[in-house]
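Each remark here refers to the structure printed beneath this line.
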Amino acid sequence: MIQRPKGTYDVYGVKAKKILYLEKLINVLMEKYNYNYIRTPLFEKSELFHRAVGETTDIVTKETYDFKDKSDRDMTLRPEGTASVVRAYIENKMYSDPNLPSKNYYIGPMYRYERPQSGRYREFYQFGVEVFSSNDPMIDAEVISIPVNFYKLLGLKGVKVKINTLGDTESRNKYKEALIEYFKPYLDSLCEDCKNRYLKNPLRILDCKVDNDKEFFKDAPKMRDYLNEESKNYFEKVQKYLDALEIEYEVDYSIVRGLDYYNHTVFEVEASVEGFGAQNVLCGGGRYNGLVKMIGNTDEPGVGFALGFERLLTALEFENINLPYEDEIDVYVIPVGEKETAFSLLQALRLNGFKADTDYMDRSIKANFKQADRLNSKYVIIIGEEEVKNGIYKIKNNKTKEEFEINKEDIIDFLDQNIDSEEM
Ligand code: HAM
């Protein structure tokens, strides 16, 4: 028996219903925020991720799924969505649309060759947002508000928002110099990866899972001491806007994030419930001014976030939250011999917006009523020889057990009056 690849999973049954519910909610929420749906390819030229995500990040050095296509080109399965959306934004000249800022959202699978464990998969799903062209700190606060409100709508309580600033390029460069100076005497004690990061991107050292509990890490320079006035002001404004939205947060100076493209605002949302597990970061994001310029020939600011579906589902289970996905149908049609008529009615019901099903297993009437119960059908319609002859159908309310005899032409009207159908 061939099994699925390690770190992947199949979606079916209740899990499928939950995921469809979450996706529906995301689409409705994003409509309210007036963000546009964007879809990019699952694979891109490898160079895109190397440049955007960063040569010294764990994602690029260890975790990408790389392959050569049949024309010997280097391709990579996307490990995250930002780089691809930035590429699409530039390539499709979305910046020339006067309707700015460009506010985009996506839902889709990402691929990272990580060690599989709870909350960490090799194929995982993200809901993400990328906003381009605005330098207004209000948009940073709005981007943070999206996952916060999404979690709130779902009823999650144990979440904590942590924010930090990495400052602008000038502040970051000063900070990098300070880190290089500070770690110099400790170079020999750093892991091999960090030795490599030392000159290329010393900020990455702070994010190292191997080294970061070493004693000398505690006194490493802090970003907050290297921020220029502009960066400080920007960060203060983001906080004011978060206050205006009554979003609770904690300023956590240790957040650097695992991707290289950030500056100014960075943030994470954690599941802060005891016992949740090590992979408790539900969502992460931040501002990435300069990334668009690095990839293309235009310079536009950007800010965004992404949240993982898998950790979200675990958090919902952890807090015993049942998603209100629909688990019932409107009508179950029972054919008694008259399968063509039943089949034709079934189609009419569906095209008029009712959720309808029938028997494809040649069940007895009794077994069909059981099936209607299993499907939580609100109504049952029986179509037999007599019904076809008279043109009058028996409709039973499957909850109250009330029975009605309705002319076949009036069936849709009857159901319209008794059930809220969804327009097609
Ligand atoms: P990230 O922090 O790498 O950021 O991932 C965001 C979220 O994706 C994480 O908080 C987590 O919920 C989920 N996630 C990441 N890796 C895995 C995994 N192996 N298994 C399951 N879930 C995972 C980004 O991807 C950035 N592109 C976010 C962003 C958008 N920044 C600006 N715009």
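Chain labels follow the order of the structure tokens: the first chain is A, the next B, and so on; residue numbering restarts at 1 in every chain, and ligands are counted from 1 in their shown order.
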**Asked** Near Cys191 (chain A), counting only C-alpha atoms, which residues have an atom at most 12 Å away, once you skip same-chain residues fewer than 2 positions from it, shown as a VMD selection string?
**Response** chain A and resid 186 to 189 193 to 198 205 208 to 212 214
Create the file for the chosen residues now, containing all heavy atoms and written as a CSV table (one decimal), in the first residue's frame.
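Final output, saved to again_0.csv:
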chain,number,residue,atom,x,y,z
A,186,TYR,N,32.6,35.8,20.5
A,186,TYR,CA,31.9,34.5,20.8
A,186,TYR,C,31.9,33.7,19.5
A,186,TYR,O,31.2,32.6,19.5
A,186,TYR,CB,30.5,34.8,21.3
A,186,TYR,CG,30.5,35.6,22.5
A,186,TYR,CD1,29.9,36.9,22.5
A,186,TYR,CD2,30.9,35.1,23.7
A,186,TYR,CE1,29.8,37.7,23.6
A,186,TYR,CE2,30.9,35.9,24.9
A,186,TYR,CZ,30.3,37.2,24.8
A,186,TYR,OH,30.3,38.0,25.9
A,187,LEU,N,32.5,34.2,18.4
A,187,LEU,CA,32.3,33.5,17.1
A,187,LEU,C,32.6,32.0,17.2
A,187,LEU,O,31.8,31.2,16.7
A,187,LEU,CB,33.3,34.1,16.1
A,187,LEU,CG,32.7,34.9,15.0
A,187,LEU,CD1,33.8,35.4,14.1
A,187,LEU,CD2,31.7,34.1,14.2
A,188,ASP,N,33.6,31.6,18.0
A,188,ASP,CA,33.9,30.1,18.0
A,188,ASP,C,32.9,29.3,18.7
A,188,ASP,O,32.7,28.1,18.5
A,188,ASP,CB,35.3,29.9,18.8
A,188,ASP,CG,36.4,30.3,17.9
A,188,ASP,OD1,36.2,30.4,16.7
A,188,ASP,OD2,37.6,30.5,18.4
A,189,SER,N,32.1,30.0,19.6
A,189,SER,CA,31.0,29.2,20.3
A,189,SER,C,29.7,29.2,19.6
A,189,SER,O,28.8,28.5,20.0
A,189,SER,CB,30.7,29.9,21.7
A,189,SER,OG,31.8,30.7,22.1
A,193,ASP,N,25.8,27.2,11.4
A,193,ASP,CA,24.9,28.1,10.7
A,193,ASP,C,25.1,29.5,11.1
A,193,ASP,O,25.1,30.4,10.3
A,193,ASP,CB,23.4,27.7,11.0
A,193,ASP,CG,23.0,26.4,10.2
A,193,ASP,OD1,23.7,26.1,9.3
A,193,ASP,OD2,22.0,25.8,10.6
A,194,CYS,N,25.3,29.8,12.4
A,194,CYS,CA,25.4,31.2,12.9
A,194,CYS,C,26.7,31.8,12.4
A,194,CYS,O,26.8,33.0,12.2
A,194,CYS,CB,25.2,31.2,14.4
A,194,CYS,SG,23.5,31.1,14.9
A,195,LYS,N,27.7,30.9,12.3
A,195,LYS,CA,29.0,31.5,11.8
A,195,LYS,C,28.8,32.0,10.4
A,195,LYS,O,29.3,33.0,10.0
A,195,LYS,CB,30.1,30.4,11.8
A,195,LYS,CG,30.7,30.1,13.2
A,195,LYS,CD,31.8,29.1,13.1
A,195,LYS,CE,32.2,28.8,14.6
A,195,LYS,NZ,32.4,27.3,14.8
A,196,ASN,N,28.0,31.3,9.7
A,196,ASN,CA,27.7,31.7,8.3
A,196,ASN,C,26.8,33.0,8.3
A,196,ASN,O,27.0,33.8,7.5
A,196,ASN,CB,27.0,30.5,7.6
A,196,ASN,CG,26.9,30.7,6.2
A,196,ASN,OD1,27.8,31.3,5.6
A,196,ASN,ND2,25.9,30.1,5.5
A,197,ARG,N,25.9,33.0,9.3
A,197,ARG,CA,25.0,34.2,9.3
A,197,ARG,C,25.7,35.4,9.8
A,197,ARG,O,25.3,36.6,9.6
A,197,ARG,CB,23.9,33.9,10.4
A,197,ARG,CG,22.9,32.8,9.9
A,197,ARG,CD,22.1,32.3,11.1
A,197,ARG,NE,21.2,31.3,10.7
A,197,ARG,CZ,20.8,30.3,11.4
A,197,ARG,NH1,21.3,30.2,12.7
A,197,ARG,NH2,19.9,29.4,11.0
A,198,TYR,N,26.8,35.3,10.5
A,198,TYR,CA,27.5,36.3,11.3
A,198,TYR,C,27.7,37.6,10.4
A,198,TYR,O,27.3,38.7,10.8
A,198,TYR,CB,28.8,35.8,11.8
A,198,TYR,CG,29.7,36.9,12.5
A,198,TYR,CD1,29.3,37.4,13.7
A,198,TYR,CD2,30.8,37.3,11.9
A,198,TYR,CE1,30.1,38.4,14.3
A,198,TYR,CE2,31.6,38.3,12.5
A,198,TYR,CZ,31.2,38.9,13.7
A,198,TYR,OH,32.0,39.8,14.3
A,205,ILE,N,21.1,35.4,13.7
A,205,ILE,CA,21.7,34.7,14.9
A,205,ILE,C,20.7,34.7,16.1
A,205,ILE,O,20.6,33.7,16.8
A,205,ILE,CB,23.0,35.3,15.3
A,205,ILE,CG1,24.0,35.3,14.1
A,205,ILE,CG2,23.6,34.7,16.5
A,205,ILE,CD1,25.4,35.9,14.4
A,208,CYS,N,18.3,31.9,16.2
A,208,CYS,CA,18.8,30.5,16.1
A,208,CYS,C,18.3,29.6,17.2
A,208,CYS,O,18.3,30.0,18.4
A,208,CYS,CB,20.3,30.6,16.1
A,208,CYS,SG,21.0,28.9,16.1
A,209,LYS,N,17.7,28.5,16.7
A,209,LYS,CA,17.2,27.6,17.7
A,209,LYS,C,18.2,26.8,18.5
A,209,LYS,O,18.0,26.3,19.6
A,209,LYS,CB,16.2,26.6,17.0
A,209,LYS,CG,14.9,27.3,16.6
A,209,LYS,CD,14.2,26.6,15.5
A,209,LYS,CE,13.2,27.5,14.8
A,209,LYS,NZ,13.6,28.0,13.5
A,210,VAL,N,19.4,26.7,17.9
A,210,VAL,CA,20.5,26.0,18.6
A,210,VAL,C,21.2,26.8,19.6
A,210,VAL,O,21.5,26.4,20.7
A,210,VAL,CB,21.6,25.5,17.5
A,210,VAL,CG1,22.7,24.7,18.2
A,210,VAL,CG2,20.9,24.7,16.4
A,211,ASP,N,21.5,28.1,19.2
A,211,ASP,CA,22.4,28.9,20.1
A,211,ASP,C,21.6,29.8,21.1
A,211,ASP,O,22.2,30.2,22.1
A,211,ASP,CB,23.1,29.9,19.2
A,211,ASP,CG,24.3,29.2,18.5
A,211,ASP,OD1,24.8,28.2,19.1
A,211,ASP,OD2,24.8,29.7,17.5
A,212,ASN,N,20.3,30.1,20.9
A,212,ASN,CA,19.8,31.2,21.6
A,212,ASN,C,19.5,31.0,23.1
A,212,ASN,O,19.1,32.0,23.7
A,212,ASN,CB,18.5,31.8,20.9
A,212,ASN,CG,17.3,30.8,21.0
A,212,ASN,OD1,17.4,29.8,21.7
A,212,ASN,ND2,16.2,31.2,20.4
A,214,LYS,N,22.2,30.3,24.9
A,214,LYS,CA,23.5,30.4,25.5
A,214,LYS,C,23.6,31.7,26.3
A,214,LYS,O,22.9,32.7,25.9
A,214,LYS,CB,24.6,30.5,24.3
A,214,LYS,CG,24.7,29.1,23.7
A,214,LYS,CD,25.9,29.0,22.7
A,214,LYS,CE,26.0,27.6,22.2
A,214,LYS,NZ,26.3,27.5,20.8
**Request:** For Asp373 (chain A), work out the shell of residues within 10 Å, counting only C-alpha atoms and skipping chain neighbours fewer than 6 positions away, then give it as a PyMOL selection string.
**Result:** chain A and resi 328-329+332+367+379-380+398-399
Prev. selection, all heavy atoms, output as a PDB file, in the first residue's frame:
ATOM      1  N   GLU A 328     -26.692  19.604   7.459  1.00  0.00           N
ATOM      2  CA  GLU A 328     -28.035  19.101   7.134  1.00  0.00           C
ATOM      3  C   GLU A 328     -28.350  19.441   5.690  1.00  0.00           C
ATOM      4  O   GLU A 328     -27.707  20.298   5.086  1.00  0.00           O
ATOM      5  CB  GLU A 328     -29.073  19.703   8.078  1.00  0.00           C
ATOM      6  CG  GLU A 328     -29.038  21.217   8.140  1.00  0.00           C
ATOM      7  CD  GLU A 328     -30.032  21.792   9.132  1.00  0.00           C
ATOM      8  OE1 GLU A 328     -30.481  21.077  10.041  1.00  0.00           O
ATOM      9  OE2 GLU A 328     -30.367  22.969   8.976  1.00  0.00           O
ATOM     10  N   ILE A 329     -29.357  18.727   5.156  1.00  0.00           N
ATOM     11  CA  ILE A 329     -29.806  19.071   3.805  1.00  0.00           C
ATOM     12  C   ILE A 329     -31.270  19.497   3.886  1.00  0.00           C
ATOM     13  O   ILE A 329     -31.920  19.319   4.922  1.00  0.00           O
ATOM     14  CB  ILE A 329     -29.619  17.899   2.810  1.00  0.00           C
ATOM     15  CG1 ILE A 329     -30.481  16.696   3.192  1.00  0.00           C
ATOM     16  CG2 ILE A 329     -28.154  17.500   2.700  1.00  0.00           C
ATOM     17  CD1 ILE A 329     -30.560  15.653   2.074  1.00  0.00           C
ATOM     18  N   TYR A 332     -34.761  15.308   1.025  1.00  0.00           N
ATOM     19  CA  TYR A 332     -34.314  13.998   0.567  1.00  0.00           C
ATOM     20  C   TYR A 332     -35.460  13.387  -0.245  1.00  0.00           C
ATOM     21  O   TYR A 332     -36.592  13.284   0.239  1.00  0.00           O
ATOM     22  CB  TYR A 332     -33.981  13.104   1.767  1.00  0.00           C
ATOM     23  CG  TYR A 332     -33.367  11.779   1.372  1.00  0.00           C
ATOM     24  CD1 TYR A 332     -32.055  11.698   0.915  1.00  0.00           C
ATOM     25  CD2 TYR A 332     -34.112  10.597   1.441  1.00  0.00           C
ATOM     26  CE1 TYR A 332     -31.497  10.496   0.539  1.00  0.00           C
ATOM     27  CE2 TYR A 332     -33.553   9.380   1.070  1.00  0.00           C
ATOM     28  CZ  TYR A 332     -32.244   9.340   0.612  1.00  0.00           C
ATOM     29  OH  TYR A 332     -31.690   8.142   0.234  1.00  0.00           O
ATOM     30  N   ALA A 367     -35.309   1.973   4.861  1.00  0.00           N
ATOM     31  CA  ALA A 367     -33.875   2.317   4.881  1.00  0.00           C
ATOM     32  C   ALA A 367     -33.657   3.734   4.352  1.00  0.00           C
ATOM     33  O   ALA A 367     -32.757   4.440   4.794  1.00  0.00           O
ATOM     34  CB  ALA A 367     -33.089   1.311   4.041  1.00  0.00           C
ATOM     35  N   TYR A 379     -36.841  17.972   4.983  1.00  0.00           N
ATOM     36  CA  TYR A 379     -38.055  17.421   4.364  1.00  0.00           C
ATOM     37  C   TYR A 379     -37.744  16.146   3.586  1.00  0.00           C
ATOM     38  O   TYR A 379     -36.615  15.949   3.129  1.00  0.00           O
ATOM     39  CB  TYR A 379     -38.682  18.451   3.399  1.00  0.00           C
ATOM     40  CG  TYR A 379     -39.394  19.561   4.133  1.00  0.00           C
ATOM     41  CD1 TYR A 379     -38.698  20.687   4.556  1.00  0.00           C
ATOM     42  CD2 TYR A 379     -40.754  19.471   4.425  1.00  0.00           C
ATOM     43  CE1 TYR A 379     -39.341  21.701   5.255  1.00  0.00           C
ATOM     44  CE2 TYR A 379     -41.401  20.477   5.119  1.00  0.00           C
ATOM     45  CZ  TYR A 379     -40.686  21.575   5.534  1.00  0.00           C
ATOM     46  OH  TYR A 379     -41.338  22.564   6.231  1.00  0.00           O
ATOM     47  N   VAL A 380     -38.771  15.314   3.448  1.00  0.00           N
ATOM     48  CA  VAL A 380     -38.643  14.110   2.626  1.00  0.00           C
ATOM     49  C   VAL A 380     -39.788  14.131   1.619  1.00  0.00           C
ATOM     50  O   VAL A 380     -40.928  14.433   1.982  1.00  0.00           O
ATOM     51  CB  VAL A 380     -38.732  12.840   3.499  1.00  0.00           C
ATOM     52  CG1 VAL A 380     -38.729  11.595   2.625  1.00  0.00           C
ATOM     53  CG2 VAL A 380     -37.593  12.785   4.500  1.00  0.00           C
ATOM     54  N   ASN A 398     -39.495  16.309   8.218  1.00  0.00           N
ATOM     55  CA  ASN A 398     -38.801  15.199   8.868  1.00  0.00           C
ATOM     56  C   ASN A 398     -38.522  15.465  10.346  1.00  0.00           C
ATOM     57  O   ASN A 398     -38.141  14.551  11.075  1.00  0.00           O
ATOM     58  CB  ASN A 398     -37.475  14.923   8.120  1.00  0.00           C
ATOM     59  CG  ASN A 398     -37.041  13.484   8.258  1.00  0.00           C
ATOM     60  OD1 ASN A 398     -37.877  12.583   8.412  1.00  0.00           O
ATOM     61  ND2 ASN A 398     -35.736  13.260   8.242  1.00  0.00           N
ATOM     62  N   LYS A 399     -38.697  16.732  10.760  1.00  0.00           N
ATOM     63  CA  LYS A 399     -38.479  17.047  12.185  1.00  0.00           C
ATOM     64  C   LYS A 399     -39.792  16.900  12.951  1.00  0.00           C
ATOM     65  O   LYS A 399     -39.862  16.215  13.965  1.00  0.00           O
ATOM     66  CB  LYS A 399     -37.930  18.473  12.358  1.00  0.00           C
ATOM     67  CG  LYS A 399     -36.687  18.772  11.530  1.00  0.00           C
ATOM     68  CD  LYS A 399     -35.390  18.401  12.233  1.00  0.00           C
ATOM     69  CE  LYS A 399     -34.298  17.930  11.288  1.00  0.00           C
ATOM     70  NZ  LYS A 399     -33.637  18.889  10.436  1.00  0.00           N
TER      71      LYS A 399
END
**Request:** Apply DSSP to the structure's backbone, then extract all residues of region 122-215 of chain A labelled alpha helix (DSSP H) and return them as a PyMOL selection string.
**Result:** chain A and resi 137-154+169-183+192-200+203-206
With the cut-off set at 8 Å and counting only C-alpha atoms and all ligand atoms, tabulate each residue of chain A with an atom at most that distance from an atom of ligand 1, showing the nearest atom pair and its distance in Å to one decimal, ordered by chain and increasing number, as CSV.
residue,atom,partner,partner_atom_place_in_ligand_line,distance
A:Pro79,CA,ligand 1,25 (O),7.3
A:Glu80,CA,ligand 1,25 (O),4.5
A:Gly81,CA,ligand 1,27 (N),5.2
A:Thr82,CA,ligand 1,27 (N),4.7
A:Ala83,CA,ligand 1,27 (N),7.5
A:Tyr111,CA,ligand 1,19 (N),7.4
A:Arg112,CA,ligand 1,19 (N),5.8
A:Tyr113,CA,ligand 1,19 (N),7.7
A:Glu114,CA,ligand 1,19 (N),6.1
A:Pro116,CA,ligand 1,19 (N),7.5
A:Gly119,CA,ligand 1,21 (C),5.2
A:Arg120,CA,ligand 1,20 (N),3.4
A:Tyr121,CA,ligand 1,20 (N),3.9
A:Arg122,CA,ligand 1,19 (N),5.5
A:Glu123,CA,ligand 1,20 (N),6.9
A:Phe124,CA,ligand 1,21 (C),5.0
A:Tyr125,CA,ligand 1,22 (N),6.9
A:Gln126,CA,ligand 1,8 (O),5.8
A:Gly128,CA,ligand 1,30 (C),6.0
A:Val129,CA,ligand 1,30 (C),6.2
A:Glu130,CA,ligand 1,33 (N),5.6
A:Arg257,CA,ligand 1,2 (O),6.7
A:Gly258,CA,ligand 1,3 (O),6.3
A:Leu259,CA,ligand 1,3 (O),6.9
A:Tyr262,CA,ligand 1,32 (C),7.7
A:Glu268,CA,ligand 1,10 (O),7.1
A:Val269,CA,ligand 1,10 (O),7.5
A:Gln279,CA,ligand 1,11 (C),8.0
A:Asn280,CA,ligand 1,12 (O),7.9
A:Val281,CA,ligand 1,10 (O),4.7
A:Leu282,CA,ligand 1,12 (O),4.0
A:Cys283,CA,ligand 1,10 (O),3.5
A:Gly284,CA,ligand 1,2 (O),4.5
A:Gly285,CA,ligand 1,31 (N),3.6
A:Gly286,CA,ligand 1,32 (C),5.0
A:Arg287,CA,ligand 1,32 (C),6.5
A:Tyr288,CA,ligand 1,32 (C),7.0
A:Val303,CA,ligand 1,32 (C),5.7
A:Gly304,CA,ligand 1,33 (N),3.4
A:Phe305,CA,ligand 1,30 (C),3.6
A:Ala306,CA,ligand 1,28 (C),4.3
A:Leu307,CA,ligand 1,7 (C),4.2
A:Gly308,CA,ligand 1,12 (O),3.5
A:Phe309,CA,ligand 1,12 (O),6.9
A:Glu310,CA,ligand 1,21 (C),5.8
A:Arg311,CA,ligand 1,12 (O),5.7
A:Leu312,CA,ligand 1,12 (O),7.3
**Asked** Of the candidates A:Val86, A:Met1, A:Leu415, A:Val159, which one gets nearest to Ala52 (chain A) if we count only C-alpha atoms?
**Response**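 With only C-alpha atoms as the atom set, the closest residue is A:Val86.
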**Request:** Go through A:Met75, A:Val292, A:Leu206, A:Val28 one by one, measure the shortest atom-to-atom distance of each to Tyr89 (chain A) using only C-alpha atoms, and give the residue with the smallest value.
**Result:**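 Smallest distance to Tyr89 (chain A) is found for A:Val292.
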**Prompt:** Counting only C-alpha atoms, what is within 12 Å of Met361 (chain A), bar same-chain residues fewer than 4 positions away, as a PyMOL selection string?
**Reply:** chain A and resi 334-335+339+365+367-368+371
**Prompt:** With only C-alpha atoms as the atoms that count, which of A:Glu47, A:Ala348, A:Lys355, A:Lys222 lies nearest to Lys408 (chain A)?
**Reply:**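 That would be A:Ala348, the residue with the smallest distance to Lys408 (chain A).
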**Request:** For region 230-241 of chain A, list every protein, DNA or RNA residue within 8 Å, evaluated using only C-alpha atoms, and leave out those in the same chain fewer than 6 positions away; present the list as a VMD selection string.
**Result:** chain A and resid 137 to 138 140 to 141 165 167 to 168 171 264 to 265
For the selection just defined, write its residues with C-alpha atoms to a file, as an mmCIF file, in the first residue's frame.
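Generated file (again.cif):
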data_model
loop_
_atom_site.group_PDB
_atom_site.id
_atom_site.type_symbol
_atom_site.label_atom_id
_atom_site.label_comp_id
_atom_site.auth_asym_id
_atom_site.auth_seq_id
_atom_site.Cartn_x
_atom_site.Cartn_y
_atom_site.Cartn_z
ATOM 1 C CA PRO A 137 0.888 52.984 9.966
ATOM 2 C CA MET A 138 -2.901 52.628 9.991
ATOM 3 C CA ASP A 140 -0.092 47.985 9.688
ATOM 4 C CA ALA A 141 -2.711 48.112 12.438
ATOM 5 C CA THR A 165 9.714 47.014 15.315
ATOM 6 C CA GLY A 167 13.180 49.893 12.354
ATOM 7 C CA ASP A 168 14.043 51.341 8.979
ATOM 8 C CA SER A 171 18.376 51.751 12.145
ATOM 9 C CA HIS A 264 9.469 48.427 10.871
ATOM 10 C CA THR A 265 6.457 46.536 12.272
#
**Asked** So which one's closest to Pro147 (chain A), A:Ala88, A:Leu179, A:Leu203, A:Leu25? Using only C-alpha atoms, please.
**Response**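 Checking each of A:Ala88, A:Leu179, A:Leu203, A:Leu25 against Pro147 (chain A), counting only C-alpha atoms, the winner is A:Leu25.
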**Prompt:** What's the 8 Å shell around Ser254 (chain A), counting only C-alpha atoms, without same-chain residues fewer than 2 positions away, as a list in words?
**Reply:**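 The filter keeps Asn164, Asp252 and Val256 of chain A.
With CA of Glu23 (chain A) on one side and CA of Asn352 (chain A) on the other, the separation reads 24.2 Å.
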